[in-house]
>>> print(open('protein28.cif').read())   # mmCIF, C-alpha atoms and all ligand atoms
data_my_file
#
loop_
_atom_site.group_PDB
_atom_site.id
_atom_site.type_symbol
_atom_site.label_atom_id
_atom_site.label_comp_id
_atom_site.auth_asym_id
_atom_site.auth_seq_id
_atom_site.Cartn_x
_atom_site.Cartn_y
_atom_site.Cartn_z
ATOM 1 C CA MET S 1 0.000 0.000 0.000
ATOM 2 C CA PHE S 2 2.753 2.443 0.926
ATOM 3 C CA LEU S 3 4.746 1.694 -2.218
ATOM 4 C CA SER S 4 1.758 2.057 -4.517
ATOM 5 C CA THR S 5 0.870 5.387 -2.870
ATOM 6 C CA LEU S 6 4.467 6.550 -3.197
ATOM 7 C CA GLU S 7 4.589 5.440 -6.825
ATOM 8 C CA TRP S 8 1.374 7.322 -7.590
ATOM 9 C CA THR S 9 2.668 10.453 -5.845
ATOM 10 C CA CYS S 10 5.961 10.312 -7.749
ATOM 11 C CA ARG S 11 4.161 9.901 -11.066
ATOM 12 C CA LYS S 12 1.860 12.823 -10.249
ATOM 13 C CA ARG S 13 4.807 15.070 -9.382
ATOM 14 C CA GLY S 14 7.025 13.964 -12.256
ATOM 15 C CA VAL S 15 9.526 12.161 -10.056
ATOM 16 C CA PHE S 16 11.242 9.026 -11.286
ATOM 17 C CA PHE S 17 10.183 5.967 -9.289
ATOM 18 C CA ALA S 18 11.892 2.604 -9.056
ATOM 19 C CA ARG S 19 11.869 -0.228 -6.574
ATOM 20 C CA VAL S 20 15.222 -1.517 -5.397
ATOM 21 C CA ASP S 21 16.083 -4.821 -3.788
ATOM 22 C CA PRO S 22 16.197 -4.339 0.016
ATOM 23 C CA LYS S 23 17.783 -7.746 0.657
ATOM 24 C CA GLY S 24 21.118 -7.840 2.443
ATOM 25 C CA THR S 25 21.346 -4.103 3.055
ATOM 26 C CA SER S 26 22.371 -4.600 6.683
ATOM 27 C CA GLN S 27 25.010 -7.124 5.620
ATOM 28 C CA THR S 28 26.777 -4.924 3.089
ATOM 29 C CA CYS S 29 29.279 -2.178 3.793
ATOM 30 C CA PRO S 30 28.155 1.033 2.022
ATOM 31 C CA GLN S 31 31.736 2.268 1.920
ATOM 32 C CA CYS S 32 33.533 -0.677 0.278
ATOM 33 C CA GLY S 33 30.764 -3.138 -0.655
ATOM 34 C CA VAL S 34 32.126 -6.025 1.389
ATOM 35 C CA HIS S 35 29.627 -8.529 2.750
ATOM 36 C CA THR S 36 29.919 -8.115 6.519
ATOM 37 C CA GLY S 37 27.767 -11.088 7.487
ATOM 38 C CA LYS S 38 24.444 -11.522 9.185
ATOM 39 C CA LYS S 39 24.033 -9.578 12.413
ATOM 40 C CA ASP S 40 21.667 -10.084 15.290
ATOM 41 C CA LEU S 41 19.074 -7.301 15.577
ATOM 42 C CA SER S 42 20.622 -6.313 18.901
ATOM 43 C CA VAL S 43 23.759 -5.214 17.016
ATOM 44 C CA ARG S 44 22.944 -1.608 16.171
ATOM 45 C CA VAL S 45 26.309 -0.502 14.804
ATOM 46 C CA HIS S 46 27.776 -1.251 11.384
ATOM 47 C CA GLU S 47 31.502 -1.889 11.656
ATOM 48 C CA CYS S 48 33.424 -2.978 8.590
ATOM 49 C CA LEU S 49 36.594 -4.907 9.295
ATOM 50 C CA ALA S 50 37.722 -4.461 5.682
ATOM 51 C CA CYS S 51 37.678 -0.650 5.465
ATOM 52 C CA GLY S 52 37.007 0.470 9.027
ATOM 53 C CA TYR S 53 33.770 2.304 8.202
ATOM 54 C CA THR S 54 31.598 2.591 11.305
ATOM 55 C CA THR S 55 28.116 4.063 11.532
ATOM 56 C CA ASP S 56 24.644 3.282 12.794
ATOM 57 C CA ARG S 57 23.306 0.033 11.335
ATOM 58 C CA ASP S 58 20.174 1.689 9.913
ATOM 59 C CA VAL S 59 22.194 4.520 8.403
ATOM 60 C CA ALA S 60 24.463 1.993 6.690
ATOM 61 C CA ALA S 61 21.453 0.090 5.327
ATOM 62 C CA ALA S 62 19.927 3.342 4.029
ATOM 63 C CA GLN S 63 23.228 4.219 2.348
ATOM 64 C CA VAL S 64 23.252 0.841 0.584
ATOM 65 C CA LEU S 65 19.665 1.434 -0.570
ATOM 66 C CA LEU S 66 20.647 4.867 -1.844
ATOM 67 C CA GLN S 67 23.502 3.364 -3.848
ATOM 68 C CA ARG S 68 21.155 0.820 -5.373
ATOM 69 C CA GLY S 69 18.726 3.603 -6.256
ATOM 70 C CA LEU S 70 21.500 5.625 -7.852
ATOM 71 C CA GLY S 71 22.472 2.540 -9.809
ATOM 72 C CA VAL S 72 18.946 2.358 -11.200
ATOM 73 C CA VAL S 73 19.190 5.898 -12.596
ATOM 74 C CA GLY S 74 22.727 5.338 -13.845
ATOM 75 C CA ALA S 75 24.537 7.603 -11.416
ATOM 76 C CA THR S 76 27.374 6.419 -9.233
ATOM 77 C CA ARG S 77 27.362 9.333 -6.819
ATOM 78 C CA ALA S 78 25.304 12.380 -6.007
ATOM 79 C CA VAL S 79 26.685 15.875 -5.745
ATOM 80 C CA GLY S 80 25.405 19.127 -4.376
ATOM 81 C CA ARG S 81 21.871 19.444 -3.128
ATOM 82 C CA THR S 82 20.525 16.332 -4.816
ATOM 83 C CA ALA S 83 21.777 14.072 -2.041
ATOM 84 C CA PRO S 84 19.122 14.929 0.607
ATOM 85 C CA THR S 85 16.341 14.298 -1.907
ATOM 86 C CA LEU S 86 17.815 10.952 -2.775
ATOM 87 C CA VAL S 87 18.348 9.968 0.847
ATOM 88 C CA ALA S 88 14.753 10.777 1.748
ATOM 89 C CA ALA S 89 13.515 8.408 -0.922
ATOM 90 C CA ALA S 90 16.124 5.696 -0.606
ATOM 91 C CA GLY S 91 14.877 2.193 -0.737
ATOM 92 C CA TYR S 92 11.721 2.756 -2.649
ATOM 93 C CA ALA S 93 11.980 5.670 -4.997
ATOM 94 C CA VAL S 94 14.661 7.867 -6.419
ATOM 95 C CA LYS S 95 14.246 11.343 -7.792
ATOM 96 C CA LYS S 96 16.356 11.418 -10.899
ATOM 97 C CA PRO S 97 19.372 13.495 -9.920
ATOM 98 C CA VAL S 98 19.837 16.318 -12.396
ATOM 99 C CA GLU S 99 23.210 17.156 -10.873
ATOM 100 C CA ALA S 100 24.435 13.596 -10.476
ATOM 101 C CA THR S 101 27.719 12.728 -12.051
ATOM 102 C CA GLY S 102 29.630 9.571 -12.630
ATOM 103 C CA ILE S 103 29.985 6.817 -15.125
ATOM 104 C CA PRO S 104 27.879 3.688 -14.524
ATOM 105 C CA GLY S 105 29.974 0.720 -13.588
ATOM 106 C CA GLN S 106 32.816 2.689 -12.061
HETATM 107 ZN ZN ZN S 201 33.825 -1.519 4.297
#
>>> encode(input="protein28.cif", output="structure tokens")
Amino acid sequence: MFLSTLEWTCRKRGVFFARVDPKGTSQTCPQCGVHTGKKDLSVRVHECLACGYTTDRDVAAAQVLLQRGLGVVGATRAVGRTAPTLVAAAGYAVKKPVEATGIPGQ
């Protein structure tokens, strides 16, 4: 229900909408992409032994969702003021970043 409402709202406002796979977002490091393994729900901090990136578990999962959303629109990173818009919609919808730069696959 939420996704269909969000999709309708995006279409009405001319915002690109795409669903992204939410699987494994808490098991992937948003900084280096390494699979960090399954964590118990009581573990609230993401700590990557490969790159040292440490942040809140939910923040890390949202960052992975954002990256997947950016991948859908063909951008590898967001610049300037597009990032907050993308973060707010991460996981379910992505506003096509007009200021996004990057070459897909790099
Ligand atoms: Zn890492």
>>> resolve_selection(input="protein28.cif", expression="the PyMOL selection byres (((not hetatm)) within 7 of (chain S and resi 201))", output="ChimeraX atom specification")
/S:29-34,48-53
>>> resolve_selection(input="protein28.cif", expression="the PyMOL selection byres (((chain S and resi 65) around 7) and not hetatm)", output="JSON, numbers by chain")
{"S": [22, 25, 61, 62, 63, 64, 66, 67, 68, 69, 90, 91]}
>>> atom_distance(input="protein28.cif", atom1="CA of Gly71 (chain S)", atom2="CA of Gly14 (chain S)")
19.4 Å
>>> atom_distance(input="protein28.cif", atom1="CA of Val73 (chain S)", atom2="CA of Asp56 (chain S)")
26.1 Å
>>> atom_distance(input="protein28.cif", atom1="CA of His46 (chain S)", atom2="CA of Gln27 (chain S)")
8.7 Å
>>> residues_around(input="protein28.cif", residues="Thr55 (chain S)", least_positions_apart="6", cutoff="9 Å", atoms="all atoms listed in the file", output="NGL selection string")
:S and (44-47)
>>> axis_aligned_box(input="protein28.cif", around="region 12-30 of chain S", padding_each_side="6 Å", output="lines of an AutoDock Vina configuration file")
center_x = 15.6
center_y = 3.6
center_z = -2.8
size_x = 39.4
size_y = 34.9
size_z = 30.9
>>> closest_residue(input="protein28.cif", among="S:Lys23, S:Gly74, S:Leu41, S:Thr36", to="Thr54 (chain S)", atoms="only C-alpha atoms")
S:Thr36
